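Just below is one structure, and these are the notes that go with it.
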Amino acid sequence: MSEPLTVNGNRLVRRIEELGQIGRDENGTLTRLAASDADKQGRDALVSWMKSIELDIRIDRVGNLFGIWQQGDVSLSPVMAGSHIDTVINAGIYDGCYGVLSGLEVIETLRESGFAPARPIAVAAFTGEEGVRFAPDMIGSLAYVGGSSCEQALATVGTDGKTLGDELMRIGYAGDMAPGTLRPHCYVELHIEQGPVLEHEGFQIGAVESIQGISWQRVVIEGQANHAGTTPMKLRRDAGLAAARIVTYLRDYVGRSNSPTVATVGTMRFEPNAINVIPSRAMLTVDLRDPDEIRLQTGENALCDFLSKLEKEEGTPISLERLARFEPVNFDDRIVALVEQVAREMGLKSRRIASGAGHDAQMIARIAPAAMIFVPSINGISHSPDEFTPPDDLVTGANVLLRVVSNLVKAEFN
Ligand SMILES: [Zn+2]
């Protein structure tokens, strides 16, 4: 019996570390913002690795970068693996880069092994996933799936006043292909979890079945400012007290619901904000997330009902304003099941998981069957230089991707 095919783990880890050295300042801080000089250097390194295995390089107008292994029936759409290589400010080396370099590694391994795919396989690096310099995040994959126009994306003004279009032109990564021209047969994104669940529960692989929906709301409570010493408790209209009741309500609601809902009051402000004055006004934000749209709506409605009750009980008029709302994204169940099956065959502990963070895969899911694979992040730390996944876990994840991609080449999606 021949040994099952495995990626070259040393080559993968070496490239992750090498790419992780590009964009460091004199203090060693890593920052590779979209369409910056550092991004150009990172892209150059990626392109040189793609060229070393003779991939067909394609760049679209918003700078999304593809390396295609033109094998099998080249008239067919490619199986695509990818992520992004831009980073946040003071970043770690794994977020995004791991998925791109693993896609490359999978192609290189298959190519070396003499594997004959029935259709092309592509690796993708999408522009500006982090959204730090050019908002919104996932700007490249959003334009790729037609969620924004190419012109709109290119006209986006960055934090430094420059446009994405001009900056892509300047660094030499403004391609001429219309975004979305290269449509994937299906898409898989391998990524570090960026949360503590897999590590905490002792799983090696997360078969990501969804990306949770997000609801951001602002609550403003009107009370009556009055003397803290002379106003009896019964006669108060205390906006601060009402605000505090919202915080505990949310924790109790989530605790009762026995669901993966998470609720956070991340900001709160009182007026006049004085030690001896009853707050006349309180402003707070509610961040509510759930992988299920109905449950997310139920959570929003429950909060709304509670606020009407609170308004009467405390005598404090309350207004609610929606700041942002994203529906959850469900990934393709056939690919999620394939990830689980591959993990099982490899003797790995895996579980289905919802992503708490946004990823390019949620955009690609609009146009093609898509899913993600997670590997553990130590202590769940991400967007930080302390972000870490042990090399063995990185290689394990890439081997899962290898088998998933090999299977997807044969898969039919209708
Ligand atoms: Zn990422």
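Chain lettering (A, B, ...) mirrors the order of the structure tokens, residue numbering begins at 1 for each chain separately, and ligand numbering begins at 1 in order of display.
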
- Query: Once you count only C-alpha atoms and all ligand atoms, which residues end up within 9 Å of ligand 1, and could you hand them over as a PyMOL selection string?
  - Reply: chain A and resi 83-87+94-99+129-130+191-192+194+357-360+383

- Item | 8 Å contact set for region 163-174 of chain A, only C-alpha atoms, chain neighbours under 6 positions out, as a ChimeraX atom specification | /A:35-37,40,59-63,134,153-157

- Can you pull out every residue within 12 Å of Val395 (chain A), counting only C-alpha atoms, but drop anything in the same chain fewer than 2 positions away, and send it as a PyMOL selection string? chain A and resi 6-14+16+98-99+101-103+105-106+190+192+204-205+375-376+389-393+397-402

- Task: Using only C-alpha atoms, pick whichever of A:Thr248, A:Ser377, A:Ser280, A:Ser350 has the shortest atom-to-atom distance to Gly206 (chain A).
- Result: A:Ser350

Show me a table, sorted first by chain and then by increasing residue number, of the residues of region 207-236 of chain A having an atom at most 12 Å from region 260-275 of chain A, each with its shortest atom pair and the distance in Å to one decimal, counting only C-alpha atoms and written as CSV.
```
residue,atom,partner,partner_atom,distance
A:Gln212,CA,A:Thr261,CA,9.1
A:Gly213,CA,A:Thr261,CA,9.8
A:Ile214,CA,A:Val262,CA,9.8
A:Ser215,CA,A:Ala263,CA,9.6
A:Trp216,CA,A:Thr264,CA,9.7
A:Gln217,CA,A:Val265,CA,9.8
A:Arg218,CA,A:Thr267,CA,9.4
A:Val219,CA,A:Met268,CA,9.4
A:Val220,CA,A:Arg269,CA,9.6
A:Ile221,CA,A:Phe270,CA,9.5
A:Glu222,CA,A:Glu271,CA,9.7
A:Gly223,CA,A:Glu271,CA,9.5
A:Gln224,CA,A:Glu271,CA,10.1
A:Ala225,CA,A:Pro272,CA,7.8
A:Asn226,CA,A:Pro272,CA,10.3
A:His227,CA,A:Ile275,CA,10.1
A:Ala228,CA,A:Ile275,CA,8.2
A:Gly229,CA,A:Ile275,CA,10.8
```

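Residues in contact with Val329 (chain A) at up to 10 Å, not including ones fewer than 3 positions away on its chain and judged by only C-alpha atoms, are Glu209, Ser210, Ile211, Gln212, Gly213, Pro291, Asp292, Glu293, Phe326, Asp332, Ala354, Ser355, Gly358, Ala361, Gln362, Met363, Ala365 and Arg366 of chain A.
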
- Which of region 274-346 of chain A fall in alpha helix (DSSP H), as a ChimeraX atom specification: /A:293-314,333-345

Write to file, as a PDB file, in the first residue's frame, the residues of the selection just made, with C-alpha atoms.
```
ATOM      1  CA  GLU A 293     -30.828  34.377  11.032  1.00  0.00           C
ATOM      2  CA  ILE A 294     -34.080  33.472  12.789  1.00  0.00           C
ATOM      3  CA  ARG A 295     -32.384  33.290  16.176  1.00  0.00           C
ATOM      4  CA  LEU A 296     -30.612  36.594  15.505  1.00  0.00           C
ATOM      5  CA  GLN A 297     -33.981  38.204  14.697  1.00  0.00           C
ATOM      6  CA  THR A 298     -35.504  36.601  17.792  1.00  0.00           C
ATOM      7  CA  GLY A 299     -32.694  38.121  19.871  1.00  0.00           C
ATOM      8  CA  GLU A 300     -33.272  41.553  18.339  1.00  0.00           C
ATOM      9  CA  ASN A 301     -37.029  41.298  18.968  1.00  0.00           C
ATOM     10  CA  ALA A 302     -36.531  40.147  22.552  1.00  0.00           C
ATOM     11  CA  LEU A 303     -34.279  43.139  23.213  1.00  0.00           C
ATOM     12  CA  CYS A 304     -36.888  45.422  21.685  1.00  0.00           C
ATOM     13  CA  ASP A 305     -39.637  43.995  23.943  1.00  0.00           C
ATOM     14  CA  PHE A 306     -37.410  44.337  26.974  1.00  0.00           C
ATOM     15  CA  LEU A 307     -36.697  47.985  26.144  1.00  0.00           C
ATOM     16  CA  SER A 308     -40.452  48.803  26.000  1.00  0.00           C
ATOM     17  CA  LYS A 309     -40.916  47.201  29.403  1.00  0.00           C
ATOM     18  CA  LEU A 310     -37.842  48.948  30.811  1.00  0.00           C
ATOM     19  CA  GLU A 311     -39.027  52.326  29.490  1.00  0.00           C
ATOM     20  CA  LYS A 312     -42.227  52.003  31.531  1.00  0.00           C
ATOM     21  CA  GLU A 313     -40.636  50.573  34.663  1.00  0.00           C
ATOM     22  CA  GLU A 314     -37.894  53.191  34.873  1.00  0.00           C
ATOM     23  CA  ASP A 333     -23.121  21.391   3.206  1.00  0.00           C
ATOM     24  CA  ARG A 334     -21.518  18.960   0.743  1.00  0.00           C
ATOM     25  CA  ILE A 335     -18.110  20.615   1.176  1.00  0.00           C
ATOM     26  CA  VAL A 336     -18.513  20.895   4.955  1.00  0.00           C
ATOM     27  CA  ALA A 337     -19.364  17.172   5.083  1.00  0.00           C
ATOM     28  CA  LEU A 338     -16.343  16.431   2.885  1.00  0.00           C
ATOM     29  CA  VAL A 339     -14.070  18.298   5.324  1.00  0.00           C
ATOM     30  CA  GLU A 340     -15.478  16.197   8.174  1.00  0.00           C
ATOM     31  CA  GLN A 341     -15.086  12.988   6.185  1.00  0.00           C
ATOM     32  CA  VAL A 342     -11.463  13.771   5.283  1.00  0.00           C
ATOM     33  CA  ALA A 343     -10.660  14.605   8.919  1.00  0.00           C
ATOM     34  CA  ARG A 344     -12.229  11.306  10.001  1.00  0.00           C
ATOM     35  CA  GLU A 345     -10.216   9.347   7.422  1.00  0.00           C
TER      36      GLU A 345
END
```

- Got a sec to tell me which of region 118-264 of chain A DSSP assigns to strand (DSSP E or B), as a ChimeraX atom specification? /A:121-125,157,163,177,186-192,205-211,213-222,227,262-264

Since we have the selection now, will you write its residues out, keeping N, CA and C atoms, as a compact mmCIF listing (two decimals), in the first residue's frame?
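Saved file again.txt follows:
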```txt
# COMPACT_ATOMS: atom_id res chain seq x y z
N ILE A 121 -6.87 23.89 -11.09
CA ILE A 121 -6.92 24.24 -9.67
C ILE A 121 -6.26 25.60 -9.53
N ALA A 122 -6.89 26.50 -8.78
CA ALA A 122 -6.36 27.86 -8.65
C ALA A 122 -6.15 28.22 -7.19
N VAL A 123 -5.15 29.08 -6.97
CA VAL A 123 -4.96 29.67 -5.65
C VAL A 123 -5.23 31.16 -5.79
N ALA A 124 -5.96 31.72 -4.80
CA ALA A 124 -6.38 33.13 -4.89
C ALA A 124 -5.91 33.92 -3.67
N ALA A 125 -5.48 35.16 -3.92
CA ALA A 125 -5.22 36.11 -2.83
C ALA A 125 -6.08 37.34 -3.11
N VAL A 157 -11.52 55.69 -1.01
CA VAL A 157 -10.43 56.51 -0.47
C VAL A 157 -9.94 55.88 0.83
N THR A 163 -6.58 56.68 -3.29
CA THR A 163 -7.61 55.72 -3.70
C THR A 163 -7.00 54.35 -3.97
N MET A 177 -8.36 42.27 -16.01
CA MET A 177 -9.49 41.32 -16.05
C MET A 177 -10.64 41.88 -15.19
N CYS A 186 -15.76 25.70 -7.23
CA CYS A 186 -16.07 25.73 -5.80
C CYS A 186 -14.86 26.35 -5.11
N TYR A 187 -15.02 26.72 -3.84
CA TYR A 187 -13.98 27.49 -3.14
C TYR A 187 -13.82 26.96 -1.72
N VAL A 188 -12.55 26.79 -1.32
CA VAL A 188 -12.26 26.37 0.06
C VAL A 188 -11.21 27.31 0.65
N GLU A 189 -11.48 27.79 1.85
CA GLU A 189 -10.53 28.68 2.51
C GLU A 189 -10.08 28.07 3.83
N LEU A 190 -8.79 27.84 3.90
CA LEU A 190 -8.18 27.32 5.13
C LEU A 190 -7.70 28.52 5.93
N HIS A 191 -8.01 28.56 7.22
CA HIS A 191 -7.71 29.75 8.02
C HIS A 191 -7.49 29.35 9.47
N ILE A 192 -6.71 30.12 10.19
CA ILE A 192 -6.64 29.92 11.65
C ILE A 192 -7.99 30.33 12.24
N ILE A 205 -9.33 20.11 13.83
CA ILE A 205 -9.92 20.68 12.62
C ILE A 205 -11.33 21.19 12.89
N GLY A 206 -11.63 22.36 12.37
CA GLY A 206 -12.99 22.89 12.41
C GLY A 206 -13.56 22.86 11.00
N ALA A 207 -14.69 22.18 10.82
CA ALA A 207 -15.39 22.19 9.54
C ALA A 207 -16.37 23.35 9.64
N VAL A 208 -16.03 24.46 9.01
CA VAL A 208 -16.79 25.71 9.21
C VAL A 208 -18.06 25.67 8.39
N GLU A 209 -19.21 25.63 9.07
CA GLU A 209 -20.47 25.50 8.35
C GLU A 209 -21.18 26.83 8.13
N SER A 210 -20.74 27.86 8.86
CA SER A 210 -21.41 29.16 8.69
C SER A 210 -20.53 30.29 9.22
N ILE A 211 -20.91 31.48 8.81
CA ILE A 211 -20.31 32.69 9.40
C ILE A 211 -21.46 33.41 10.07
N GLY A 213 -24.15 35.88 11.75
CA GLY A 213 -24.70 37.18 11.41
C GLY A 213 -24.39 38.18 12.51
N ILE A 214 -24.38 39.46 12.15
CA ILE A 214 -24.02 40.51 13.11
C ILE A 214 -25.10 41.58 13.11
N SER A 215 -25.50 41.96 14.30
CA SER A 215 -26.45 43.06 14.47
C SER A 215 -25.83 44.09 15.41
N TRP A 216 -25.65 45.31 14.92
CA TRP A 216 -25.12 46.39 15.76
C TRP A 216 -26.22 47.43 15.95
N GLN A 217 -26.51 47.75 17.22
CA GLN A 217 -27.53 48.77 17.50
C GLN A 217 -27.02 49.74 18.56
N ARG A 218 -27.54 50.97 18.47
CA ARG A 218 -27.22 51.96 19.50
C ARG A 218 -28.49 52.26 20.29
N VAL A 219 -28.37 52.27 21.61
CA VAL A 219 -29.51 52.54 22.48
C VAL A 219 -29.26 53.87 23.19
N VAL A 220 -30.26 54.75 23.16
CA VAL A 220 -30.16 56.02 23.90
C VAL A 220 -31.31 56.08 24.90
N ILE A 221 -30.96 56.32 26.15
CA ILE A 221 -31.95 56.35 27.24
C ILE A 221 -32.00 57.75 27.82
N GLU A 222 -33.22 58.29 27.90
CA GLU A 222 -33.39 59.65 28.45
C GLU A 222 -33.88 59.56 29.89
N HIS A 227 -30.18 65.56 41.98
CA HIS A 227 -29.21 65.47 43.06
C HIS A 227 -29.11 64.04 43.60
N VAL A 262 -24.10 35.37 20.96
CA VAL A 262 -23.24 36.16 21.85
C VAL A 262 -23.71 37.61 21.82
N ALA A 263 -23.72 38.25 22.99
CA ALA A 263 -24.19 39.62 23.09
C ALA A 263 -23.17 40.43 23.87
N THR A 264 -22.87 41.63 23.37
CA THR A 264 -21.85 42.46 24.02
C THR A 264 -22.29 43.91 24.06
```

- Message: List as a PyMOL selection string the protein and nucleic acid residues near Val74 (chain A), meaning an atom at most 10 Å away when only C-alpha atoms are counted, but skip any in the same chain fewer than 5 places from it.
- Response: chain A and resi 69+118-121

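Taking only C-alpha atoms into account, Leu110 (chain A) lies nearest to A:Ile53 out of the set A:Leu284, A:Ile53, A:Ala368, A:Ile278.
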